[in-house]
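What follows is the content of run-v2.tsv, which has TSV, C-alpha atoms and all ligand atoms:
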chain	number	residue	atom	x	y	z
A	21	VAL	CA	0.00	0.00	0.00
A	22	ALA	CA	2.81	2.36	0.89
A	23	SER	CA	4.51	1.89	-2.48
A	24	GLU	CA	1.18	2.27	-4.27
A	25	ALA	CA	0.65	5.59	-2.51
A	26	LYS	CA	4.18	6.58	-3.46
A	27	SER	CA	3.78	5.75	-7.13
A	28	SER	CA	0.43	7.51	-7.26
A	29	THR	CA	2.12	10.64	-5.86
A	30	LEU	CA	4.92	10.34	-8.40
A	31	ARG	CA	2.36	9.88	-11.16
A	32	PHE	CA	0.52	12.97	-9.93
A	33	ILE	CA	3.71	14.98	-10.33
A	34	CYS	CA	4.07	13.79	-13.93
A	35	LYS	CA	0.45	14.70	-14.64
A	36	GLU	CA	0.98	18.17	-13.20
A	37	ILE	CA	3.73	18.67	-15.74
A	38	ASP	CA	1.45	17.27	-18.45
A	39	ASP	CA	-1.19	19.85	-17.59
A	40	GLN	CA	1.00	22.91	-17.07
A	41	GLY	CA	4.25	22.19	-18.84
A	42	TYR	CA	6.18	22.32	-15.53
A	43	THR	CA	5.76	22.18	-11.78
A	44	SER	CA	7.83	23.12	-8.71
A	45	ASN	CA	8.39	21.84	-5.20
A	46	PRO	CA	6.41	24.67	-3.48
A	47	GLN	CA	3.52	24.02	-5.88
A	48	LEU	CA	3.57	20.28	-5.19
A	49	SER	CA	3.75	20.95	-1.47
A	50	SER	CA	0.62	23.08	-1.61
A	51	GLU	CA	-1.32	20.89	-4.05
A	52	LEU	CA	-0.54	17.60	-2.34
A	53	ASN	CA	-0.81	19.15	1.11
A	54	ILE	CA	2.61	17.86	2.11
A	55	SER	CA	5.61	19.64	3.61
A	56	LEU	CA	8.18	21.25	1.34
A	57	PRO	CA	10.92	18.74	2.34
A	58	THR	CA	8.54	15.86	1.50
A	59	ALA	CA	7.77	17.43	-1.90
A	60	ILE	CA	11.49	17.85	-2.52
A	61	ASN	CA	12.01	14.20	-1.59
A	62	TYR	CA	9.38	13.02	-4.09
A	63	SER	CA	10.60	15.16	-6.96
A	64	LYS	CA	14.18	14.14	-6.25
A	65	GLN	CA	13.19	10.50	-6.77
A	66	LEU	CA	11.94	11.37	-10.26
A	67	ILE	CA	15.06	13.42	-10.99
A	68	ASP	CA	17.31	10.57	-9.80
A	69	ALA	CA	15.37	8.10	-11.96
A	70	GLY	CA	15.94	10.38	-14.95
A	71	LEU	CA	12.33	11.38	-15.67
A	72	LEU	CA	12.59	15.01	-14.59
A	73	LEU	CA	15.14	17.75	-14.57
A	74	LYS	CA	15.41	21.25	-13.16
A	75	ASP	CA	15.30	23.92	-15.82
A	76	GLY	CA	15.18	27.61	-15.03
A	77	LYS	CA	12.96	29.37	-12.51
A	78	CYS	CA	9.20	29.66	-12.09
A	79	PRO	CA	7.54	33.07	-12.46
A	80	SER	CA	7.83	35.12	-9.29
A	81	THR	CA	5.07	34.75	-6.68
A	82	GLY	CA	6.63	37.27	-4.29
A	83	GLY	CA	9.41	35.35	-2.55
A	84	LYS	CA	12.37	33.47	-3.89
A	85	ARG	CA	11.63	32.01	-7.34
A	86	ALA	CA	11.33	28.23	-7.29
A	87	ASP	CA	13.14	25.83	-9.61
A	88	LYS	CA	11.07	24.71	-12.58
A	89	LEU	CA	10.67	20.94	-12.82
A	90	ILE	CA	10.15	19.66	-16.37
A	91	PHE	CA	10.31	16.34	-18.23
A	92	ASN	CA	13.80	15.24	-19.22
A	93	PRO	CA	13.49	14.84	-23.02
A	94	LYS	CA	16.35	12.33	-23.05
A	95	TYR	CA	14.83	10.01	-20.46
A	96	LYS	CA	13.47	7.64	-23.10
A	97	LEU	CA	12.30	7.62	-26.70
A	98	SER	CA	8.90	6.08	-27.30
A	99	LEU	CA	7.95	4.63	-30.67
A	100	GLY	CA	4.58	4.53	-32.38
A	101	LEU	CA	3.78	2.36	-35.40
A	102	ASP	CA	0.73	2.93	-37.58
A	103	ILE	CA	-0.21	-0.01	-39.79
A	104	LYS	CA	-2.17	0.75	-42.95
A	105	GLN	CA	-3.09	-1.34	-45.98
A	106	GLN	CA	-0.36	0.14	-48.19
A	107	GLU	CA	2.21	1.56	-45.77
A	108	ILE	CA	3.50	1.72	-42.23
A	109	THR	CA	4.51	4.90	-40.43
A	110	LEU	CA	6.90	5.10	-37.50
A	111	VAL	CA	7.21	8.04	-35.12
A	112	ALA	CA	9.72	8.50	-32.30
A	113	VAL	CA	8.74	10.87	-29.49
A	114	ASP	CA	11.05	12.00	-26.71
A	115	PHE	CA	9.94	12.16	-23.08
A	116	ALA	CA	9.10	15.87	-23.50
A	117	TYR	CA	6.65	14.97	-26.32
A	118	GLN	CA	8.77	16.25	-29.21
A	119	VAL	CA	8.76	14.24	-32.42
A	120	VAL	CA	12.37	13.21	-32.97
A	121	ARG	CA	11.75	11.41	-36.23
A	122	GLU	CA	8.91	10.26	-38.45
A	123	HIS	CA	9.12	8.00	-41.48
A	124	THR	CA	6.67	6.19	-43.75
A	125	PHE	CA	7.63	2.95	-45.49
A	126	ALA	CA	5.67	1.66	-48.48
A	127	LEU	CA	4.68	-1.85	-47.40
A	128	THR	CA	1.56	-3.70	-48.46
A	129	PHE	CA	-0.15	-5.43	-45.60
A	130	ALA	CA	-0.40	-9.23	-45.58
A	131	TRP	CA	-1.12	-11.61	-42.75
A	132	SER	CA	2.12	-13.52	-43.16
A	133	HIS	CA	5.46	-14.23	-41.51
A	134	ASP	CA	7.16	-12.40	-44.38
A	135	TYR	CA	5.23	-9.23	-43.73
A	136	PHE	CA	6.14	-9.21	-40.05
A	137	VAL	CA	9.80	-9.77	-40.90
A	138	GLN	CA	9.65	-6.75	-43.20
A	139	VAL	CA	7.98	-4.62	-40.52
A	140	GLN	CA	10.70	-5.69	-38.11
A	141	ARG	CA	13.38	-4.62	-40.62
A	142	CYS	CA	11.72	-1.21	-41.07
A	143	ILE	CA	11.70	-0.77	-37.30
A	144	GLU	CA	15.39	-1.72	-37.09
A	145	GLN	CA	16.29	0.73	-39.85
A	146	PHE	CA	14.25	3.44	-38.15
A	147	VAL	CA	15.84	2.78	-34.75
A	148	ARG	CA	19.32	3.00	-36.28
A	149	SER	CA	18.50	6.50	-37.54
A	150	LEU	CA	17.57	7.75	-34.07
A	151	PRO	CA	19.87	9.73	-31.76
A	152	GLN	CA	21.94	7.18	-29.87
A	153	ASP	CA	22.18	9.16	-26.62
A	154	CYS	CA	18.67	8.32	-25.57
A	155	PRO	CA	17.44	4.84	-24.51
A	156	LEU	CA	14.37	3.27	-26.10
A	157	ASN	CA	11.12	2.57	-24.33
A	158	THR	CA	10.60	-1.22	-24.41
A	159	CYS	CA	6.92	-0.72	-25.19
A	160	LEU	CA	5.89	-0.05	-28.81
A	161	GLY	CA	2.51	1.56	-29.48
A	162	VAL	CA	0.81	0.05	-32.53
A	163	SER	CA	-2.19	1.61	-34.22
A	164	VAL	CA	-4.37	-0.55	-36.47
A	165	PRO	CA	-7.42	0.37	-38.58
A	166	GLY	CA	-9.76	-1.93	-36.72
A	167	THR	CA	-11.38	-2.94	-33.47
A	168	VAL	CA	-8.93	-3.63	-30.66
A	169	ASN	CA	-10.36	-5.68	-27.83
A	170	HIS	CA	-9.47	-5.30	-24.16
A	171	ASP	CA	-7.29	-8.44	-24.41
A	172	GLN	CA	-5.30	-6.79	-27.28
A	173	SER	CA	-6.74	-9.10	-29.94
A	174	PHE	CA	-8.12	-7.23	-32.93
A	175	SER	CA	-10.07	-7.50	-36.14
A	176	SER	CA	-9.98	-5.18	-39.12
A	177	TYR	CA	-12.15	-4.68	-42.17
A	178	ALA	CA	-9.57	-2.39	-43.79
A	179	LEU	CA	-6.86	-5.07	-43.46
A	180	ARG	CA	-9.33	-7.84	-44.43
A	181	LEU	CA	-8.95	-9.49	-41.05
A	182	ASN	CA	-12.59	-9.40	-40.11
A	183	ASP	CA	-13.48	-13.09	-40.01
A	184	LYS	CA	-12.14	-13.62	-36.47
A	185	SER	CA	-9.86	-12.12	-33.82
A	186	TYR	CA	-6.16	-11.80	-34.56
A	187	ASP	CA	-3.15	-10.91	-32.45
A	188	LEU	CA	0.29	-9.45	-33.15
A	189	ARG	CA	2.24	-11.83	-30.92
A	190	GLU	CA	4.55	-12.74	-33.79
A	191	LEU	CA	5.51	-9.10	-34.36
A	192	GLY	CA	6.19	-8.71	-30.64
A	193	GLU	CA	8.48	-11.77	-30.67
A	194	LEU	CA	10.34	-10.61	-33.77
A	195	THR	CA	10.88	-7.06	-32.57
A	196	GLN	CA	11.40	-7.82	-28.88
A	197	PHE	CA	9.08	-4.96	-28.03
A	198	GLN	CA	6.16	-5.23	-25.70
A	199	LEU	CA	3.29	-4.16	-27.98
A	200	LYS	CA	0.44	-1.90	-27.02
A	201	LEU	CA	-2.30	-2.07	-29.64
A	202	LEU	CA	-4.86	0.63	-30.22
A	203	ASN	CA	-7.49	1.55	-32.75
A	204	ASP	CA	-6.29	4.22	-35.21
A	205	SER	CA	-9.16	6.63	-34.44
A	206	ASN	CA	-8.44	6.33	-30.73
A	207	ALA	CA	-4.75	6.90	-31.46
A	208	GLY	CA	-5.63	10.08	-33.38
A	209	ALA	CA	-7.75	11.21	-30.42
A	210	ILE	CA	-4.93	10.54	-27.95
A	211	ALA	CA	-2.61	12.61	-30.16
A	212	GLU	CA	-4.95	15.60	-29.75
A	213	THR	CA	-5.09	15.28	-25.94
A	214	ARG	CA	-1.58	16.69	-25.95
A	215	SER	CA	-2.97	20.08	-27.01
A	216	TYR	CA	-6.50	19.92	-25.65
A	217	LYS	CA	-5.39	18.43	-22.29
A	218	ARG	CA	-8.55	17.94	-20.22
A	219	GLY	CA	-10.89	18.88	-23.05
A	220	SER	CA	-13.87	16.89	-24.35
A	221	PHE	CA	-14.04	16.19	-28.05
A	222	VAL	CA	-14.81	13.65	-30.73
A	223	TYR	CA	-11.92	13.00	-33.09
A	224	LEU	CA	-13.49	12.07	-36.42
A	225	ASN	CA	-11.32	9.75	-38.46
A	226	LEU	CA	-12.38	10.34	-42.05
A	227	SER	CA	-10.26	7.97	-44.12
A	228	ARG	CA	-10.81	4.82	-46.18
A	229	THR	CA	-13.28	3.95	-43.46
A	230	VAL	CA	-14.92	6.23	-40.91
A	231	GLY	CA	-14.50	5.99	-37.15
A	232	SER	CA	-13.94	8.22	-34.16
A	233	GLY	CA	-12.21	8.48	-30.83
A	234	ILE	CA	-14.16	10.00	-27.96
A	235	VAL	CA	-12.31	11.98	-25.33
A	236	ALA	CA	-14.22	13.03	-22.20
A	237	GLU	CA	-12.39	15.50	-19.96
A	238	GLY	CA	-9.02	14.39	-21.22
A	239	LYS	CA	-9.72	10.66	-21.04
A	240	LEU	CA	-10.40	8.29	-23.88
A	241	LEU	CA	-13.77	6.57	-23.67
A	242	LEU	CA	-13.27	2.90	-24.62
A	243	GLY	CA	-16.67	1.45	-23.77
A	244	ILE	CA	-17.66	-1.96	-22.37
A	245	ASN	CA	-16.16	-3.86	-25.31
A	246	ALA	CA	-13.62	-1.19	-26.30
A	247	ARG	CA	-15.78	-0.37	-29.33
A	248	ALA	CA	-16.94	3.13	-28.44
A	249	GLY	CA	-16.94	5.66	-31.27
A	250	GLU	CA	-18.22	3.54	-34.17
A	251	VAL	CA	-19.80	6.61	-35.71
A	252	GLY	CA	-19.23	5.21	-39.20
A	253	HIS	CA	-22.07	2.78	-38.58
A	254	MET	CA	-24.56	5.20	-37.12
A	255	THR	CA	-27.49	5.40	-39.53
A	256	LEU	CA	-27.42	8.72	-41.32
A	257	PHE	CA	-29.99	8.08	-44.08
A	258	ALA	CA	-32.58	5.33	-43.62
A	259	HIS	CA	-32.40	2.85	-46.54
A	260	GLY	CA	-29.42	4.78	-47.88
A	261	ARG	CA	-26.15	3.64	-49.45
A	262	SER	CA	-24.94	0.12	-48.69
A	263	CYS	CA	-22.18	-0.13	-46.13
A	264	TYR	CA	-19.47	-2.79	-45.92
A	265	CYS	CA	-20.94	-3.85	-42.57
A	266	GLY	CA	-23.97	-5.23	-44.40
A	267	ARG	CA	-26.42	-2.51	-43.39
A	268	ASP	CA	-27.79	0.35	-45.46
A	269	GLY	CA	-27.59	4.07	-44.70
A	270	CYS	CA	-24.54	4.09	-42.41
A	271	ALA	CA	-22.42	7.27	-42.23
A	272	ASP	CA	-19.36	5.42	-43.57
A	273	PRO	CA	-20.30	5.20	-47.30
A	274	TYR	CA	-21.18	8.94	-47.26
A	275	LEU	CA	-18.03	10.11	-45.52
A	276	ASN	CA	-15.21	7.76	-46.50
A	277	GLU	CA	-12.61	8.39	-49.22
A	278	ALA	CA	-14.58	6.44	-51.82
A	279	ALA	CA	-17.51	8.84	-51.37
A	280	LEU	CA	-15.30	11.56	-52.84
A	281	LEU	CA	-13.06	9.64	-55.19
A	282	LYS	CA	-15.29	7.07	-56.88
A	283	ASP	CA	-14.04	6.75	-60.47
A	284	GLU	CA	-12.61	9.85	-62.11
A	285	PHE	CA	-10.57	11.37	-59.27
A	286	THR	CA	-7.26	9.66	-58.60
A	287	SER	CA	-6.42	11.03	-55.15
A	288	LEU	CA	-7.71	13.37	-52.47
A	289	ASP	CA	-5.22	16.01	-53.65
A	290	ASN	CA	-6.62	15.68	-57.13
A	291	PHE	CA	-10.23	15.76	-55.93
A	292	PHE	CA	-9.81	18.88	-53.79
A	293	ALA	CA	-7.87	20.65	-56.52
A	294	ASN	CA	-10.95	20.07	-58.69
A	295	VAL	CA	-13.23	21.41	-55.96
A	296	VAL	CA	-11.14	24.60	-55.79
A	297	ALA	CA	-11.08	24.84	-59.59
A	298	GLY	CA	-14.88	24.52	-59.65
A	299	THR	CA	-15.16	21.25	-61.59
A	300	PRO	CA	-18.94	20.59	-61.43
A	301	THR	CA	-18.78	16.84	-60.54
A	302	ALA	CA	-16.27	17.50	-57.77
A	303	VAL	CA	-18.21	20.49	-56.39
A	304	SER	CA	-21.56	18.72	-56.28
A	305	ARG	CA	-20.05	15.59	-54.77
A	306	PHE	CA	-18.28	17.68	-52.14
A	307	ASN	CA	-21.48	19.57	-51.30
A	308	GLN	CA	-23.23	16.26	-50.72
A	309	TYR	CA	-20.33	15.18	-48.56
A	310	LEU	CA	-20.46	18.33	-46.44
A	311	GLU	CA	-24.22	17.96	-45.94
A	312	ALA	CA	-23.80	14.42	-44.68
A	313	LEU	CA	-20.91	15.50	-42.46
A	314	ALA	CA	-22.90	18.41	-41.02
A	315	LEU	CA	-25.71	15.99	-40.19
A	316	LEU	CA	-23.33	13.66	-38.37
A	317	ILE	CA	-21.67	16.54	-36.51
A	318	ASN	CA	-25.04	17.83	-35.31
A	319	ASN	CA	-26.03	14.34	-34.16
A	320	LEU	CA	-22.77	13.97	-32.24
A	321	ASN	CA	-23.08	17.41	-30.70
A	322	ASN	CA	-26.68	16.80	-29.62
A	323	PHE	CA	-25.60	13.51	-28.14
A	324	CYS	CA	-22.57	14.53	-26.11
A	325	ASP	CA	-22.13	18.33	-26.34
A	326	THR	CA	-18.49	18.19	-27.34
A	327	ASN	CA	-16.17	19.77	-29.83
A	328	ILE	CA	-15.32	17.96	-33.03
A	329	ILE	CA	-11.88	17.52	-34.58
A	330	LEU	CA	-11.71	16.59	-38.26
A	331	GLY	CA	-9.04	13.97	-38.70
A	332	GLY	CA	-8.01	11.08	-40.88
A	333	THR	CA	-6.85	11.53	-44.47
A	334	ILE	CA	-9.77	13.81	-45.42
A	335	GLY	CA	-9.72	16.03	-42.31
A	336	PRO	CA	-6.85	18.33	-43.34
A	337	PHE	CA	-8.62	19.22	-46.62
A	338	LEU	CA	-11.87	20.06	-44.83
A	339	TYR	CA	-10.27	22.82	-42.77
A	340	LEU	CA	-9.85	24.77	-46.00
A	341	HIS	CA	-13.64	24.72	-46.39
A	342	LEU	CA	-14.57	25.28	-42.77
A	343	ASP	CA	-16.81	28.32	-43.35
A	344	LYS	CA	-19.06	26.30	-45.59
A	345	LEU	CA	-19.16	23.35	-43.20
A	346	ASN	CA	-19.90	25.61	-40.22
A	347	GLU	CA	-22.71	27.23	-42.18
A	348	LEU	CA	-24.31	23.82	-42.85
A	349	VAL	CA	-23.87	22.73	-39.24
A	350	ASN	CA	-25.42	25.94	-37.93
A	351	ALA	CA	-28.35	25.74	-40.32
A	352	ASN	CA	-29.55	22.63	-38.50
A	353	ALA	CA	-28.13	23.10	-35.04
A	354	LEU	CA	-30.35	22.76	-32.00
A	355	TYR	CA	-28.21	25.25	-30.09
A	356	ASP	CA	-25.88	27.92	-31.33
A	357	SER	CA	-22.84	25.92	-32.35
A	358	LYS	CA	-20.25	28.39	-33.48
A	359	ASN	CA	-16.70	27.23	-32.82
A	360	LEU	CA	-17.87	23.64	-32.52
A	361	ILE	CA	-15.10	22.39	-34.79
A	362	LEU	CA	-11.65	22.55	-33.25
A	363	ASP	CA	-8.42	22.73	-35.21
A	364	ALA	CA	-6.52	19.49	-35.57
A	365	THR	CA	-3.12	20.13	-33.99
A	366	VAL	CA	-1.36	16.93	-35.09
A	367	THR	CA	-1.64	16.81	-38.85
A	368	SER	CA	1.40	14.68	-39.63
A	369	ALA	CA	0.91	10.96	-38.85
A	370	PRO	CA	-1.57	11.52	-35.98
A	371	ALA	CA	-2.24	7.81	-35.41
A	372	ALA	CA	1.47	6.96	-35.17
A	373	TYR	CA	2.05	9.94	-32.84
A	374	GLY	CA	-0.90	8.86	-30.67
A	375	ALA	CA	0.45	5.31	-30.56
A	376	ALA	CA	3.82	6.68	-29.43
A	377	LEU	CA	2.09	8.67	-26.69
A	378	ALA	CA	0.28	5.52	-25.54
A	379	SER	CA	3.64	3.79	-25.25
A	380	ARG	CA	5.16	6.83	-23.49
A	381	ARG	CA	2.42	6.60	-20.84
A	382	THR	CA	3.74	3.20	-19.76
A	383	LEU	CA	6.86	5.01	-18.47
A	384	TYR	CA	4.97	6.76	-15.67
A	385	PRO	CA	5.46	5.41	-12.16
A	386	GLY	CA	3.03	2.61	-11.39
A	387	ALA	CA	1.64	2.55	-14.96
A	401	ZN	ZN	-22.02	0.23	-41.60
In structure tokens, how does this file's structure come out?
Ligand SMILES: [Zn+2]
Amino acid sequence: VASEAKSSTLRFICKEIDDQGYTSNPQLSSELNISLPTAINYSKQLIDAGLLLKDGKCPSTGGKRADKLIFNPKYKLSLGLDIKQQEITLVAVDFAYQVVREHTFALTFAWSHDYFVQVQRCIEQFVRSLPQDCPLNTCLGVSVPGTVNHDQSFSSYALRLNDKSYDLRELGELTQFQLKLLNDSNAGAIAETRSYKRGSFVYLNLSRTVGSGIVAEGKLLLGINARAGEVGHMTLFAHGRSCYCGRDGCADPYLNEAALLKDEFTSLDNFFANVVAGTPTAVSRFNQYLEALALLINNLNNFCDTNIILGGTIGPFLYLHLDKLNELVNANALYDSKNLILDATVTSAPAAYGAALASRRTLYPGA
């Protein structure tokens, strides 16, 4: 019990730094209601273990300015791996949350020993390119486009692994990392908690398929079966377009990449260039898309009164047309919903970054 209390205090100190960027011994003493020498003792344990360091002075509160306690960036590097159908992306994040390196490898997914060997080689190559003065976290965060169960088994429509539950034990054995699997939408949501801290929002993952990650007051909502956020299969139009799940009218076929690309447009870049150029097929298709999206956003807002972040592969393009989307949302909003849509702050490899953050979390005392 004593050591549990100790690690919960040490974890509290880390979370203080998460929330405010830094803390100090006088602040910890007052917030934890402990004496200053006890606070100093706790923070010294984290400094000795390498997690924290002293850096500069806190703003003056009248008396002597206290030492700032911050995360030691060189404590450990945490890796995140995002697995997609056609590529994998690796991100390395230092203990102060900075991206040290990010790289995408073209690699077509297959459920085979060969594929895992190739992933392992990519990881090795990536690790060799990292600064050598910083040890690696032994946990690797892995984001997959699918449902990840509480026992870390998963299934994925996008990877065509939807007939049963699968696990990545073989990859763990090959790489010698302890794997931490998470759904890609949840990983994208975790990535945004870095900026929005204790905020509440739905991170919409608008990609080849549609999903979301729900964050309530800074915490990811997983649900009873870890399936929370399946907004892609909420019915948007009764008897509407057929969805891959076997039902009709789901949000997914209205808001996924195929809804925009269909036949004549080769990529999202190409499609949105045509929207900007005023190509009639692109413009009318995009208007339909925005209407469906506005409907979904209003449903989500009525349901949980949260902000929305537009993520996935389509998200970044939508921010260039935000006025139009806001107009459509407001036209049907139950309450005034200006500023409902928040900026996405992690636009480069959000799922891989979120996976790296999930692995970083395992470094906290008692995690
Ligand atoms: Zn569906």
Problem - For ligand ZN 401 (chain A), the nearest of the candidates A:Asp268, A:Glu284, A:Asp325, A:Glu311, counting all atoms listed in the file - result: A:Asp268
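Among the candidates A:His253, A:Lys94, A:Lys200, A:Lys344, the residue lying nearest to Asp272 in chain A is A:His253 (atoms considered: all atoms listed in the file).
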Fill in the blank from the handout: One residue among A:Leu241, A:Ala372, A:Leu181, A:Leu377 is nearest to Ser132 in chain A when using only C-alpha atoms, and that residue is A:Leu181
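The gap separating CA of Asn45 in chain A from CA of Asn61 in chain A is 9.2 Å, in Å to one decimal.
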Sort by chain and increasing residue number a table of all residues of chain A within 10 Å of ligand ZN 401 (chain A), each with its closest pair of atoms and their distance in Å to one decimal, counting only C-alpha atoms and all ligand atoms, and write it as a Markdown table.
| residue | atom | partner | partner_atom | distance |
| --- | --- | --- | --- | --- |
| A:Thr229 | CA | A:ZN401 | ZN | 9.7 |
| A:Val230 | CA | A:ZN401 | ZN | 9.3 |
| A:Glu250 | CA | A:ZN401 | ZN | 9.0 |
| A:Val251 | CA | A:ZN401 | ZN | 9.0 |
| A:Gly252 | CA | A:ZN401 | ZN | 6.2 |
| A:His253 | CA | A:ZN401 | ZN | 4.0 |
| A:Met254 | CA | A:ZN401 | ZN | 7.2 |
| A:Thr255 | CA | A:ZN401 | ZN | 7.8 |
| A:Arg261 | CA | A:ZN401 | ZN | 9.5 |
| A:Ser262 | CA | A:ZN401 | ZN | 7.7 |
| A:Cys263 | CA | A:ZN401 | ZN | 4.5 |
| A:Tyr264 | CA | A:ZN401 | ZN | 5.9 |
| A:Cys265 | CA | A:ZN401 | ZN | 4.3 |
| A:Gly266 | CA | A:ZN401 | ZN | 6.4 |
| A:Arg267 | CA | A:ZN401 | ZN | 5.5 |
| A:Asp268 | CA | A:ZN401 | ZN | 6.9 |
| A:Gly269 | CA | A:ZN401 | ZN | 7.4 |
| A:Cys270 | CA | A:ZN401 | ZN | 4.7 |
| A:Ala271 | CA | A:ZN401 | ZN | 7.1 |
| A:Asp272 | CA | A:ZN401 | ZN | 6.2 |
| A:Pro273 | CA | A:ZN401 | ZN | 7.8 |
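Take the candidates A:Ile103, A:Ile234, A:Val137, A:Leu226 and check each one against Ser176 in chain A using only C-alpha atoms; the shortest distance goes to A:Ile103.
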Handout entry: Two-atom distance - CA of Ser379 in chain A, CA of Gly161 in chain A (Å)
Key = 4.9 Å
Take range 243-255 of chain A, bring it up to N, CA and C atoms, and give me the output as a JSON list (two decimals), in the frame of the given file.
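Full text of result00.json as output:
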[["chain", "number", "residue", "atom", "x", "y", "z"],
["A", 243, "GLY", "N", -15.42, 2.19, -23.75],
["A", 243, "GLY", "CA", -16.67, 1.45, -23.77],
["A", 243, "GLY", "C", -16.51, 0.05, -23.20],
["A", 244, "ILE", "N", -17.64, -0.63, -23.01],
["A", 244, "ILE", "CA", -17.66, -1.96, -22.37],
["A", 244, "ILE", "C", -16.79, -2.94, -23.15],
["A", 245, "ASN", "N", -16.91, -2.93, -24.46],
["A", 245, "ASN", "CA", -16.16, -3.86, -25.31],
["A", 245, "ASN", "C", -15.03, -3.17, -26.08],
["A", 246, "ALA", "N", -14.66, -1.98, -25.63],
["A", 246, "ALA", "CA", -13.62, -1.19, -26.30],
["A", 246, "ALA", "C", -14.02, -0.85, -27.74],
["A", 247, "ARG", "N", -15.32, -0.67, -27.97],
["A", 247, "ARG", "CA", -15.78, -0.37, -29.33],
["A", 247, "ARG", "C", -16.44, 1.00, -29.43],
["A", 248, "ALA", "N", -16.29, 1.82, -28.42],
["A", 248, "ALA", "CA", -16.94, 3.13, -28.44],
["A", 248, "ALA", "C", -16.47, 3.94, -29.64],
["A", 249, "GLY", "N", -17.34, 4.74, -30.20],
["A", 249, "GLY", "CA", -16.94, 5.66, -31.27],
["A", 249, "GLY", "C", -17.17, 5.15, -32.67],
["A", 250, "GLU", "N", -17.95, 4.08, -32.82],
["A", 250, "GLU", "CA", -18.22, 3.54, -34.17],
["A", 250, "GLU", "C", -19.22, 4.43, -34.91],
["A", 251, "VAL", "N", -18.86, 5.68, -35.09],
["A", 251, "VAL", "CA", -19.80, 6.61, -35.71],
["A", 251, "VAL", "C", -20.02, 6.29, -37.20],
["A", 252, "GLY", "N", -19.09, 5.57, -37.79],
["A", 252, "GLY", "CA", -19.23, 5.21, -39.20],
["A", 252, "GLY", "C", -20.45, 4.34, -39.45],
["A", 253, "HIS", "N", -20.93, 3.67, -38.40],
["A", 253, "HIS", "CA", -22.07, 2.78, -38.58],
["A", 253, "HIS", "C", -23.32, 3.28, -37.87],
["A", 254, "MET", "N", -23.32, 4.58, -37.56],
["A", 254, "MET", "CA", -24.56, 5.20, -37.12],
["A", 254, "MET", "C", -25.37, 5.48, -38.39],
["A", 255, "THR", "N", -26.67, 5.19, -38.34],
["A", 255, "THR", "CA", -27.49, 5.40, -39.53],
["A", 255, "THR", "C", -27.68, 6.89, -39.78]]
